[in-house]
>>> print(open('query_5.txt').read())   # compact mmCIF, C-alpha atoms
# COMPACT_ATOMS: atom_id res chain seq x y z
CA MET A 1244 7.47 15.23 7.48
CA PHE A 1245 9.63 12.38 8.79
CA GLU A 1246 10.54 14.34 11.90
CA ARG A 1247 10.94 11.26 14.12
CA ILE A 1248 12.43 8.08 12.66
CA ILE A 1249 13.47 4.66 13.97
CA VAL A 1250 16.66 2.92 12.83
CA SER A 1251 16.26 -0.75 13.66
CA SER A 1252 19.36 -2.89 13.23
CA GLU A 1253 21.63 -5.54 14.63
CA PRO A 1254 25.33 -4.93 15.40
CA SER A 1255 27.34 -5.35 12.18
CA THR A 1256 29.66 -3.37 9.97
CA GLU A 1257 26.68 -2.50 7.77
CA THR A 1258 24.95 -0.97 10.78
CA HIS A 1259 27.23 2.06 10.56
CA ASP A 1260 26.49 2.41 6.86
CA ILE A 1261 22.77 2.62 7.62
CA ALA A 1262 23.46 5.49 10.02
CA GLU A 1263 25.52 7.28 7.36
CA CYS A 1264 22.60 7.05 4.93
CA MET A 1265 20.23 8.77 7.33
CA LYS A 1266 21.78 12.08 6.31
CA GLY A 1267 19.65 11.98 3.17
CA LEU A 1268 16.48 12.17 5.29
CA ARG A 1269 17.43 15.45 6.92
CA LYS A 1270 16.21 17.19 3.77
CA LEU A 1271 12.76 15.74 4.49
CA GLY A 1272 12.57 17.21 7.97
CA ALA A 1273 14.00 14.32 10.01
CA ARG A 1274 15.20 15.65 13.36
CA GLU A 1275 15.00 12.85 15.95
CA CYS A 1276 16.35 9.34 15.57
CA LEU A 1277 15.75 6.30 17.78
CA LEU A 1278 18.35 3.53 17.55
CA LEU A 1279 16.35 0.39 18.21
CA TYR A 1280 18.01 -2.97 18.93
CA CYS A 1281 15.63 -5.90 19.28
CA LEU A 1282 16.87 -9.07 20.95
CA ASP A 1283 15.30 -12.48 20.41
CA PRO A 1284 13.89 -13.66 23.77
CA TYR A 1285 14.71 -17.27 22.83
CA GLU A 1286 18.40 -16.41 22.60
CA GLY A 1287 18.46 -14.72 25.96
CA GLY A 1288 21.53 -16.47 27.34
CA ALA A 1289 23.79 -15.42 24.50
CA LYS A 1290 22.30 -11.96 24.11
CA VAL A 1291 22.73 -10.88 27.72
CA SER A 1292 26.36 -11.98 28.01
CA SER A 1293 28.78 -9.27 29.09
CA PHE A 1294 30.69 -9.63 25.77
CA TYR A 1295 27.56 -9.07 23.70
CA GLN A 1296 26.45 -6.16 25.85
CA LYS A 1297 29.85 -4.52 25.35
CA THR A 1298 29.68 -5.12 21.59
CA LEU A 1299 26.20 -3.62 21.44
CA GLU A 1300 27.30 -0.64 23.49
CA ASN A 1301 30.24 0.04 21.15
CA TYR A 1302 28.16 -0.24 18.00
CA SER A 1303 25.34 1.92 19.32
CA ARG A 1304 27.81 4.58 20.43
CA LYS A 1305 29.37 4.71 16.95
CA GLN A 1306 25.95 4.99 15.34
CA GLN A 1307 24.93 7.69 17.79
CA LEU A 1308 28.01 9.78 17.01
CA ILE A 1309 27.41 9.47 13.26
CA LEU A 1310 23.80 10.58 13.62
CA GLU A 1311 24.57 13.40 16.04
CA ASP A 1312 27.20 14.68 13.62
CA GLN A 1313 24.41 14.89 11.01
CA GLY A 1314 22.34 17.02 13.37
CA TYR A 1315 20.02 14.40 14.86
CA THR A 1316 18.84 14.18 18.43
CA VAL A 1317 19.49 10.51 19.24
CA GLU A 1318 18.01 8.03 21.69
CA THR A 1319 18.98 4.36 22.07
CA ARG A 1320 16.59 1.59 23.13
CA VAL A 1321 17.12 -2.17 23.58
CA HIS A 1322 13.97 -4.27 23.30
CA ILE A 1323 13.62 -7.98 24.07
CA GLY A 1324 10.91 -9.39 21.86
CA GLU A 1325 9.50 -9.10 18.34
CA PRO A 1326 10.82 -6.05 16.47
CA ASP A 1327 7.64 -5.42 14.49
CA ASP A 1328 5.57 -5.30 17.68
CA GLU A 1329 7.92 -2.73 19.20
CA VAL A 1330 8.07 -0.60 16.04
CA ASN A 1331 4.28 -0.48 15.80
CA ARG A 1332 3.94 0.34 19.48
CA LEU A 1333 6.43 3.20 19.18
CA ALA A 1334 4.70 4.50 16.07
CA ARG A 1335 1.39 4.49 17.92
CA ASP A 1336 2.50 5.79 21.32
CA ARG A 1337 5.36 8.11 20.41
CA GLU A 1338 4.38 9.17 16.89
CA TYR A 1339 7.35 7.88 14.91
CA SER A 1340 6.59 8.20 11.21
CA LEU A 1341 9.27 6.07 9.51
CA VAL A 1342 11.36 3.00 10.29
CA ALA A 1343 14.66 2.33 8.49
CA VAL A 1344 16.25 -1.11 8.18
CA GLY A 1345 19.24 -2.49 6.29
CA GLY A 1346 18.48 -4.71 3.33
CA PRO A 1347 21.15 -6.61 1.37
CA VAL A 1348 20.00 -7.88 -2.03
CA GLN A 1349 18.71 -11.42 -1.53
CA SER A 1350 17.34 -14.42 -3.31
CA LEU A 1351 13.75 -15.54 -2.76
CA LEU A 1352 14.42 -18.37 -0.32
CA ARG A 1353 17.43 -17.18 1.64
CA GLU A 1354 17.04 -17.97 5.29
CA LYS A 1355 17.32 -14.35 6.33
CA PHE A 1356 14.43 -13.39 4.08
CA LEU A 1357 12.23 -15.99 5.71
CA GLY A 1358 13.06 -15.11 9.27
CA GLY A 1359 15.22 -11.99 9.62
CA MET A 1360 14.46 -9.09 11.89
CA GLU A 1361 14.30 -6.69 8.96
CA TYR A 1362 11.65 -8.68 7.15
CA LYS A 1363 9.46 -9.02 10.21
CA ILE A 1364 9.36 -5.24 10.28
CA ILE A 1365 8.82 -4.94 6.53
CA HIS A 1366 5.86 -7.30 6.54
CA HIS A 1367 4.08 -5.99 9.61
CA SER A 1368 4.97 -2.32 10.06
CA THR A 1369 2.05 0.10 10.18
CA ILE A 1370 4.28 3.02 9.15
CA PRO A 1371 6.40 3.46 6.01
CA THR A 1372 9.52 1.28 5.99
CA LEU A 1373 12.75 2.41 4.39
CA VAL A 1374 14.91 -0.51 3.20
CA VAL A 1375 18.39 0.96 2.88
CA ARG A 1376 20.61 -0.52 0.18
CA ILE A 1377 24.20 -0.06 1.23
CA SER A 1378 26.23 -2.84 -0.42
CA GLU A 1379 27.13 -0.72 -3.47
CA PHE A 1380 28.91 1.86 -1.31
CA TYR A 1381 30.30 -0.51 1.33
CA GLU A 1382 33.24 1.03 3.24
CA ASP A 1383 33.12 4.15 1.05
CA GLU A 1384 34.39 7.23 2.85
CA HIS A 1385 31.92 9.35 0.85
CA LEU A 1386 28.98 7.12 1.74
CA ALA A 1387 26.79 9.85 3.22
CA GLU A 1388 27.02 11.95 0.06
CA LYS A 1389 26.15 8.95 -2.14
CA CYS A 1390 23.11 8.13 -0.01
CA GLY A 1391 21.25 11.26 -1.07
CA MET A 1392 17.98 9.35 -1.14
CA ALA A 1393 15.86 12.44 -1.72
CA ASP A 1394 17.67 13.38 -4.95
CA HIS A 1395 15.56 11.38 -7.44
CA ILE A 1396 12.36 9.61 -6.41
CA LEU A 1397 10.92 6.85 -8.61
CA PHE A 1398 7.21 6.18 -8.09
CA PRO A 1399 5.96 2.97 -9.75
CA THR A 1400 2.17 3.00 -9.76
CA ASP A 1401 -0.65 0.64 -10.71
CA PHE A 1402 -3.22 3.36 -9.80
CA SER A 1403 -4.58 1.28 -6.89
CA ASP A 1404 -5.81 2.96 -3.70
CA ASN A 1405 -2.67 2.08 -1.80
CA SER A 1406 -0.47 3.21 -4.66
CA MET A 1407 -2.15 6.59 -4.37
CA LYS A 1408 -1.49 6.57 -0.64
CA ALA A 1409 2.20 6.30 -1.53
CA PHE A 1410 1.75 9.16 -4.00
CA ASP A 1411 0.31 11.38 -1.26
CA LEU A 1412 3.48 10.71 0.72
CA ILE A 1413 5.60 11.69 -2.29
CA LEU A 1414 3.68 14.97 -2.56
CA GLU A 1415 4.67 15.67 1.04
CA MET A 1416 8.27 14.84 0.17
CA VAL A 1417 8.16 17.30 -2.72
CA ARG A 1418 6.77 20.01 -0.45
CA SER A 1419 9.69 19.27 1.89
CA GLY A 1420 12.27 19.80 -0.84
CA VAL A 1421 12.41 16.86 -3.27
CA GLU A 1422 12.81 18.31 -6.76
CA ARG A 1423 13.03 15.32 -9.13
CA VAL A 1424 10.35 12.62 -9.43
CA THR A 1425 9.65 10.01 -12.11
CA VAL A 1426 6.16 8.45 -12.26
CA LEU A 1427 6.25 5.01 -13.88
CA HIS A 1428 3.62 2.50 -14.93
CA ILE A 1429 4.40 -1.01 -16.17
CA ALA A 1430 1.81 -2.23 -18.69
CA ASP A 1431 1.20 -5.58 -20.31
CA THR A 1432 3.02 -6.03 -23.58
CA ASP A 1433 -0.27 -6.53 -25.45
CA VAL A 1434 -2.04 -3.45 -24.07
CA LYS A 1435 -4.26 -1.67 -26.61
CA ASP A 1436 -3.63 1.85 -27.89
CA ASP A 1437 -6.76 3.21 -26.18
CA SER A 1438 -5.52 1.84 -22.87
CA LYS A 1439 -2.09 3.35 -23.43
CA ARG A 1440 -3.66 6.77 -23.90
CA GLU A 1441 -5.75 6.33 -20.76
CA ILE A 1442 -2.67 5.32 -18.77
CA MET A 1443 -0.71 8.32 -20.04
CA GLU A 1444 -3.54 10.65 -19.07
CA LYS A 1445 -3.47 9.29 -15.53
CA LEU A 1446 0.31 9.68 -15.38
CA GLN A 1447 0.06 13.24 -16.62
CA GLU A 1448 -2.47 14.01 -13.88
CA ARG A 1449 0.14 12.91 -11.36
CA GLU A 1450 2.71 15.06 -13.17
CA VAL A 1451 0.52 18.14 -12.75
CA ASP A 1452 0.01 17.39 -9.05
CA LEU A 1453 3.77 17.10 -8.50
CA ILE A 1454 4.54 20.34 -10.33
CA LYS A 1455 1.88 22.16 -8.30
CA ALA A 1456 3.50 20.77 -5.12
CA GLY A 1457 6.83 22.28 -6.18
CA ALA A 1458 8.73 19.58 -8.08
CA GLU A 1459 11.06 21.08 -10.69
CA ASN A 1460 11.89 17.95 -12.68
CA VAL A 1461 9.02 15.51 -13.31
CA GLN A 1462 8.93 12.72 -15.86
CA VAL A 1463 6.19 10.23 -16.67
CA LYS A 1464 6.88 6.95 -18.39
CA ILE A 1465 5.17 3.74 -19.53
CA LEU A 1466 7.22 0.56 -19.83
CA PHE A 1467 6.10 -2.91 -20.84
CA GLY A 1468 6.93 -6.30 -19.35
CA GLU A 1469 7.45 -7.89 -15.94
CA PRO A 1470 6.87 -5.12 -13.37
CA SER A 1471 9.70 -5.71 -10.91
CA ASP A 1472 12.26 -6.37 -13.65
CA GLU A 1473 11.30 -3.23 -15.54
CA ILE A 1474 11.28 -1.08 -12.40
CA ILE A 1475 14.71 -2.31 -11.35
CA ALA A 1476 16.20 -1.83 -14.82
CA TYR A 1477 14.81 1.69 -15.05
CA ALA A 1478 15.99 2.58 -11.54
CA GLN A 1479 19.52 1.56 -12.49
CA GLU A 1480 19.66 3.41 -15.80
CA SER A 1481 17.96 6.60 -14.61
CA GLY A 1482 20.03 7.28 -11.50
CA THR A 1483 17.10 6.75 -9.13
CA THR A 1484 18.10 7.23 -5.48
CA LEU A 1485 14.87 5.98 -3.87
CA VAL A 1486 11.89 3.92 -5.01
CA VAL A 1487 8.64 4.76 -3.18
CA MET A 1488 5.74 2.36 -3.61
CA GLY A 1489 2.71 0.94 -1.85
CA THR A 1490 2.35 -2.61 -0.63
CA GLN A 1491 -0.68 -4.71 -1.36
CA GLY A 1492 -1.52 -5.44 2.25
CA ARG A 1493 -1.77 -9.22 1.93
CA GLY A 1494 -0.26 -11.78 4.30
CA PHE A 1495 3.40 -12.71 4.15
CA LEU A 1496 3.06 -16.21 2.71
CA GLN A 1497 0.65 -15.05 0.03
CA GLU A 1498 3.04 -12.25 -0.92
CA LEU A 1499 5.95 -14.68 -0.97
CA PHE A 1500 4.47 -17.23 -3.32
CA ILE A 1501 2.54 -14.99 -5.71
CA GLY A 1502 5.65 -12.92 -6.42
CA SER A 1503 4.42 -9.54 -5.18
CA VAL A 1504 6.08 -6.62 -6.94
CA SER A 1505 6.80 -4.80 -3.69
CA HIS A 1506 8.52 -7.80 -2.16
CA ASP A 1507 10.46 -8.51 -5.34
CA MET A 1508 11.74 -4.96 -5.02
CA VAL A 1509 12.77 -5.53 -1.41
CA ARG A 1510 14.73 -8.63 -2.44
CA LYS A 1511 16.32 -7.40 -5.66
CA SER A 1512 16.31 -3.61 -6.01
CA PRO A 1513 19.83 -2.13 -6.26
CA VAL A 1514 18.61 1.15 -4.73
CA SER A 1515 16.81 1.89 -1.49
CA VAL A 1516 13.07 1.23 -1.34
CA MET A 1517 10.41 2.90 0.79
CA LEU A 1518 7.29 0.77 1.27
CA VAL A 1519 4.04 2.47 2.26
CA PRO A 1520 1.74 -0.04 4.00
CA ALA A 1521 -1.91 -0.54 3.23
CA GLU A 1522 -4.50 0.39 5.85
CA ARG A 1523 -4.92 -2.45 8.36
>>> encode(input="query_5.txt", output="structure tokens")
Amino acid sequence: MFERIIVSSEPSTETHDIAECMKGLRKLGARECLLLYCLDPYEGGAKVSSFYQKTLENYSRKQQLILEDQGYTVETRVHIGEPDDEVNRLARDREYSLVAVGGPVQSLLREKFLGGMEYKIIHHSTIPTLVVRISEFYEDEHLAEKCGMADHILFPTDFSDNSMKAFDLILEMVRSGVERVTVLHIADTDVKDDSKREIMEKLQEREVDLIKAGAENVQVKILFGEPSDEIIAYAQESGTTLVVMGTQGRGFLQELFIGSVSHDMVRKSPVSVMLVPAER
């Protein structure tokens, strides 16, 4: 399903960790990987220096070897300009179906969150974006094994249209080999009993769909409280390896200041997050 993926990163030690974690996507049919490096055109002088070019060449070669060892066919591309524009163009013209970026846990107003390459992609990508959490396993020689992102999928849902778009993607993931999925809804603490029953019925409908698609271990759960806090706490205690959820499709500043659940997850989730964008 994710046969062709983009890994978009900047040279750093964590870059190699992102490549290690791509092994977990092989189970979902990933076969081709594009290593995409996007350079800021306003930093042209520094970015085209012979030292930087050599650094980039060394990093990209290490990433390429890691990915080829996992069985990927690998291409490398250097783009000068906005990363989100290039990702969307590649998705449109060359049919890439997923983009992966690194994402250290961050506070709301850290400078990187406001202007980093990763977050430009997250906010504007027209294809699903995988935010890879790697800090927990930093410099771990067994990193690839611990990045088994397809082992346990957590699907937080509010039953919106775009949430169901994310669910359709999870059904494809199950058909590709994912066996364990938890479907989670966060309700208000004062929700009435009738509403609880209605929510559980909807969750159980999703459970049936997942079992029909081939999932062997499906759980449904209702929690109460602040959505992002409850999702994160449950992900930690349940051994979730990947959270898959839809985004609301609003503009960046509106998302930032209203405390969107999806963007709270990008900032604070201890496990990797896959965001499925709304139709644009």
>>> residues_around(input="query_5.txt", residues="Ile1261 of chain A", least_positions_apart="5", cutoff="9 Å", atoms="all atoms listed in the file", output="MDAnalysis selection string")
chainID A and resid 1250 1252 1306 1343:1345 1375:1377
>>> write_last_selection(input="query_5.txt", atoms="C-alpha atoms", output="tab-separated table (two decimals), keeping the file's coordinate frame")
chain	number	residue	atom	x	y	z
A	1250	VAL	CA	16.66	2.92	12.83
A	1252	SER	CA	19.36	-2.89	13.23
A	1306	GLN	CA	25.95	4.99	15.34
A	1343	ALA	CA	14.66	2.33	8.49
A	1344	VAL	CA	16.25	-1.11	8.18
A	1345	GLY	CA	19.24	-2.49	6.29
A	1375	VAL	CA	18.39	0.96	2.88
A	1376	ARG	CA	20.61	-0.52	0.18
A	1377	ILE	CA	24.20	-0.06	1.23
>>> atom_distance(input="query_5.txt", atom1="atom CA of Met1508 of chain A", atom2="atom CA of Thr1490 of chain A")
10.6 Å
>>> residues_around(input="query_5.txt", residues="segment 1328-1330 of chain A", least_positions_apart="2", cutoff="9 Å", atoms="all atoms listed in the file", output="list in words")
Ile1249, Ser1251, Leu1279, Cys1281, His1322, Gly1324, Glu1325, Pro1326, Arg1332, Leu1333, Ala1334, Arg1335, Tyr1339, Val1342, Ile1364, His1367, Ser1368, Thr1369 and Ile1370 of chain A
>>> closest_residue(input="query_5.txt", among="A:Met1392, A:Val1317, A:Val1487, A:Ala1458", to="Ser1303 of chain A", atoms="all atoms listed in the file")
A:Val1317
>>> atom_distance(input="query_5.txt", atom1="atom CA of Ile1248 of chain A", atom2="atom CA of Phe1398 of chain A")
21.5 Å
>>> atom_distance(input="query_5.txt", atom1="atom CA of Glu1415 of chain A", atom2="atom CA of Pro1399 of chain A")
16.7 Å
>>> residues_around(input="query_5.txt", residues="segment 1404-1406 of chain A", least_positions_apart="6", cutoff="12 Å", atoms="all atoms listed in the file", output="list of chain:residue names")
A:Phe1398, A:Leu1412, A:Ile1413, A:Val1426, A:Leu1427, A:His1428, A:Arg1449, A:Val1487, A:Met1488, A:Gly1489, A:Thr1490, A:Gln1491, A:Gly1492, A:Arg1493, A:Ser1505, A:Leu1518, A:Val1519, A:Pro1520, A:Ala1521, A:Glu1522, A:Arg1523
>>> closest_atom_pairs(input="query_5.txt", of="segment 1394-1435 of chain A", to="segment 1459-1474 of chain A", cutoff="6 Å", atoms="only C-alpha atoms", output="tab-separated table")
residue	atom	partner	partner_atom	distance
A:Glu1422	CA	A:Glu1459	CA	5.1
A:Arg1423	CA	A:Asn1460	CA	4.6
A:Val1424	CA	A:Val1461	CA	5.0
A:Thr1425	CA	A:Gln1462	CA	4.7
A:Val1426	CA	A:Val1463	CA	4.8
A:Leu1427	CA	A:Lys1464	CA	4.9
A:His1428	CA	A:Ile1465	CA	5.0
A:Ile1429	CA	A:Leu1466	CA	4.9
A:Ala1430	CA	A:Phe1467	CA	4.8
A:Asp1431	CA	A:Phe1467	CA	5.6
A:Thr1432	CA	A:Phe1467	CA	5.2
>>> decode(input="query_5.txt", residues="segment 1290-1323 of chain A", atoms="N, CA and C atoms", output="JSON list (two decimals), in the first residue's frame")
[["chain", "number", "residue", "atom", "x", "y", "z"],
["A", 1290, "LYS", "N", 24.77, 26.64, 2.01],
["A", 1290, "LYS", "CA", 24.33, 25.32, 1.64],
["A", 1290, "LYS", "C", 25.04, 24.75, 0.41],
["A", 1291, "VAL", "N", 25.65, 25.59, -0.39],
["A", 1291, "VAL", "CA", 26.33, 25.07, -1.58],
["A", 1291, "VAL", "C", 27.83, 25.01, -1.37],
["A", 1292, "SER", "N", 28.31, 25.27, -0.17],
["A", 1292, "SER", "CA", 29.74, 25.17, 0.10],
["A", 1292, "SER", "C", 30.21, 23.74, -0.10],
["A", 1293, "SER", "N", 31.48, 23.59, -0.46],
["A", 1293, "SER", "CA", 32.02, 22.25, -0.70],
["A", 1293, "SER", "C", 31.96, 21.40, 0.56],
["A", 1294, "PHE", "N", 32.14, 22.02, 1.75],
["A", 1294, "PHE", "CA", 32.09, 21.27, 3.02],
["A", 1294, "PHE", "C", 30.69, 20.72, 3.24],
["A", 1295, "TYR", "N", 29.68, 21.56, 3.02],
["A", 1295, "TYR", "CA", 28.30, 21.10, 3.23],
["A", 1295, "TYR", "C", 27.93, 20.02, 2.23],
["A", 1296, "GLN", "N", 28.34, 20.21, 0.98],
["A", 1296, "GLN", "CA", 28.04, 19.21, -0.03],
["A", 1296, "GLN", "C", 28.65, 17.86, 0.32],
["A", 1297, "LYS", "N", 29.87, 17.88, 0.87],
["A", 1297, "LYS", "CA", 30.52, 16.64, 1.27],
["A", 1297, "LYS", "C", 29.79, 16.00, 2.45],
["A", 1298, "THR", "N", 29.37, 16.84, 3.41],
["A", 1298, "THR", "CA", 28.61, 16.33, 4.56],
["A", 1298, "THR", "C", 27.32, 15.68, 4.10],
["A", 1299, "LEU", "N", 26.61, 16.36, 3.21],
["A", 1299, "LEU", "CA", 25.35, 15.84, 2.69],
["A", 1299, "LEU", "C", 25.56, 14.53, 1.95],
["A", 1300, "GLU", "N", 26.61, 14.48, 1.18],
["A", 1300, "GLU", "CA", 26.92, 13.26, 0.42],
["A", 1300, "GLU", "C", 27.18, 12.08, 1.37],
["A", 1301, "ASN", "N", 27.93, 12.33, 2.45],
["A", 1301, "ASN", "CA", 28.24, 11.27, 3.40],
["A", 1301, "ASN", "C", 26.99, 10.77, 4.11],
["A", 1302, "TYR", "N", 26.16, 11.71, 4.56],
["A", 1302, "TYR", "CA", 24.93, 11.33, 5.26],
["A", 1302, "TYR", "C", 23.99, 10.56, 4.35],
["A", 1303, "SER", "N", 23.81, 11.06, 3.12],
["A", 1303, "SER", "CA", 22.88, 10.41, 2.21],
["A", 1303, "SER", "C", 23.37, 9.01, 1.85],
["A", 1304, "ARG", "N", 24.67, 8.85, 1.74],
["A", 1304, "ARG", "CA", 25.21, 7.52, 1.43],
["A", 1304, "ARG", "C", 24.95, 6.54, 2.57],
["A", 1305, "LYS", "N", 25.12, 7.01, 3.81],
["A", 1305, "LYS", "CA", 24.84, 6.14, 4.97],
["A", 1305, "LYS", "C", 23.37, 5.74, 5.01],
["A", 1306, "GLN", "N", 22.50, 6.72, 4.79],
["A", 1306, "GLN", "CA", 21.07, 6.42, 4.76],
["A", 1306, "GLN", "C", 20.74, 5.42, 3.66],
["A", 1307, "GLN", "N", 21.32, 5.65, 2.49],
["A", 1307, "GLN", "CA", 21.05, 4.77, 1.35],
["A", 1307, "GLN", "C", 21.45, 3.33, 1.66],
["A", 1308, "LEU", "N", 22.61, 3.14, 2.28],
["A", 1308, "LEU", "CA", 23.07, 1.80, 2.60],
["A", 1308, "LEU", "C", 22.15, 1.12, 3.62],
["A", 1309, "ILE", "N", 21.68, 1.90, 4.61],
["A", 1309, "ILE", "CA", 20.76, 1.35, 5.60],
["A", 1309, "ILE", "C", 19.47, 0.87, 4.93],
["A", 1310, "LEU", "N", 18.93, 1.70, 4.04],
["A", 1310, "LEU", "CA", 17.67, 1.38, 3.39],
["A", 1310, "LEU", "C", 17.84, 0.22, 2.39],
["A", 1311, "GLU", "N", 18.93, 0.22, 1.66],
["A", 1311, "GLU", "CA", 19.17, -0.88, 0.72],
["A", 1311, "GLU", "C", 19.33, -2.20, 1.45],
["A", 1312, "ASP", "N", 19.94, -2.16, 2.63],
["A", 1312, "ASP", "CA", 20.10, -3.37, 3.43],
["A", 1312, "ASP", "C", 18.74, -3.91, 3.89],
["A", 1313, "GLN", "N", 17.74, -3.02, 3.99],
["A", 1313, "GLN", "CA", 16.38, -3.44, 4.36],
["A", 1313, "GLN", "C", 15.59, -3.94, 3.16],
["A", 1314, "GLY", "N", 16.16, -3.80, 1.97],
["A", 1314, "GLY", "CA", 15.49, -4.29, 0.78],
["A", 1314, "GLY", "C", 14.88, -3.22, -0.10],
["A", 1315, "TYR", "N", 15.11, -1.95, 0.23],
["A", 1315, "TYR", "CA", 14.54, -0.86, -0.56],
["A", 1315, "TYR", "C", 15.36, -0.59, -1.82],
["A", 1316, "THR", "N", 14.66, -0.15, -2.86],
["A", 1316, "THR", "CA", 15.29, 0.53, -3.98],
["A", 1316, "THR", "C", 15.34, 2.00, -3.62],
["A", 1317, "VAL", "N", 16.52, 2.63, -3.70],
["A", 1317, "VAL", "CA", 16.71, 3.97, -3.13],
["A", 1317, "VAL", "C", 17.16, 4.96, -4.20],
["A", 1318, "GLU", "N", 16.54, 6.13, -4.16],
["A", 1318, "GLU", "CA", 16.94, 7.27, -4.98],
["A", 1318, "GLU", "C", 17.18, 8.47, -4.06],
["A", 1319, "THR", "N", 18.13, 9.31, -4.41],
["A", 1319, "THR", "CA", 18.42, 10.52, -3.63],
["A", 1319, "THR", "C", 18.17, 11.76, -4.48],
["A", 1320, "ARG", "N", 17.53, 12.77, -3.86],
["A", 1320, "ARG", "CA", 17.23, 14.01, -4.59],
["A", 1320, "ARG", "C", 17.50, 15.20, -3.67],
["A", 1321, "VAL", "N", 18.16, 16.23, -4.18],
["A", 1321, "VAL", "CA", 18.38, 17.48, -3.46],
["A", 1321, "VAL", "C", 17.54, 18.56, -4.13],
["A", 1322, "HIS", "N", 16.70, 19.21, -3.32],
["A", 1322, "HIS", "CA", 15.78, 20.22, -3.85],
["A", 1322, "HIS", "C", 16.05, 21.55, -3.16],
["A", 1323, "ILE", "N", 16.16, 22.61, -3.94],
["A", 1323, "ILE", "CA", 16.31, 23.95, -3.38],
["A", 1323, "ILE", "C", 14.96, 24.64, -3.42]]
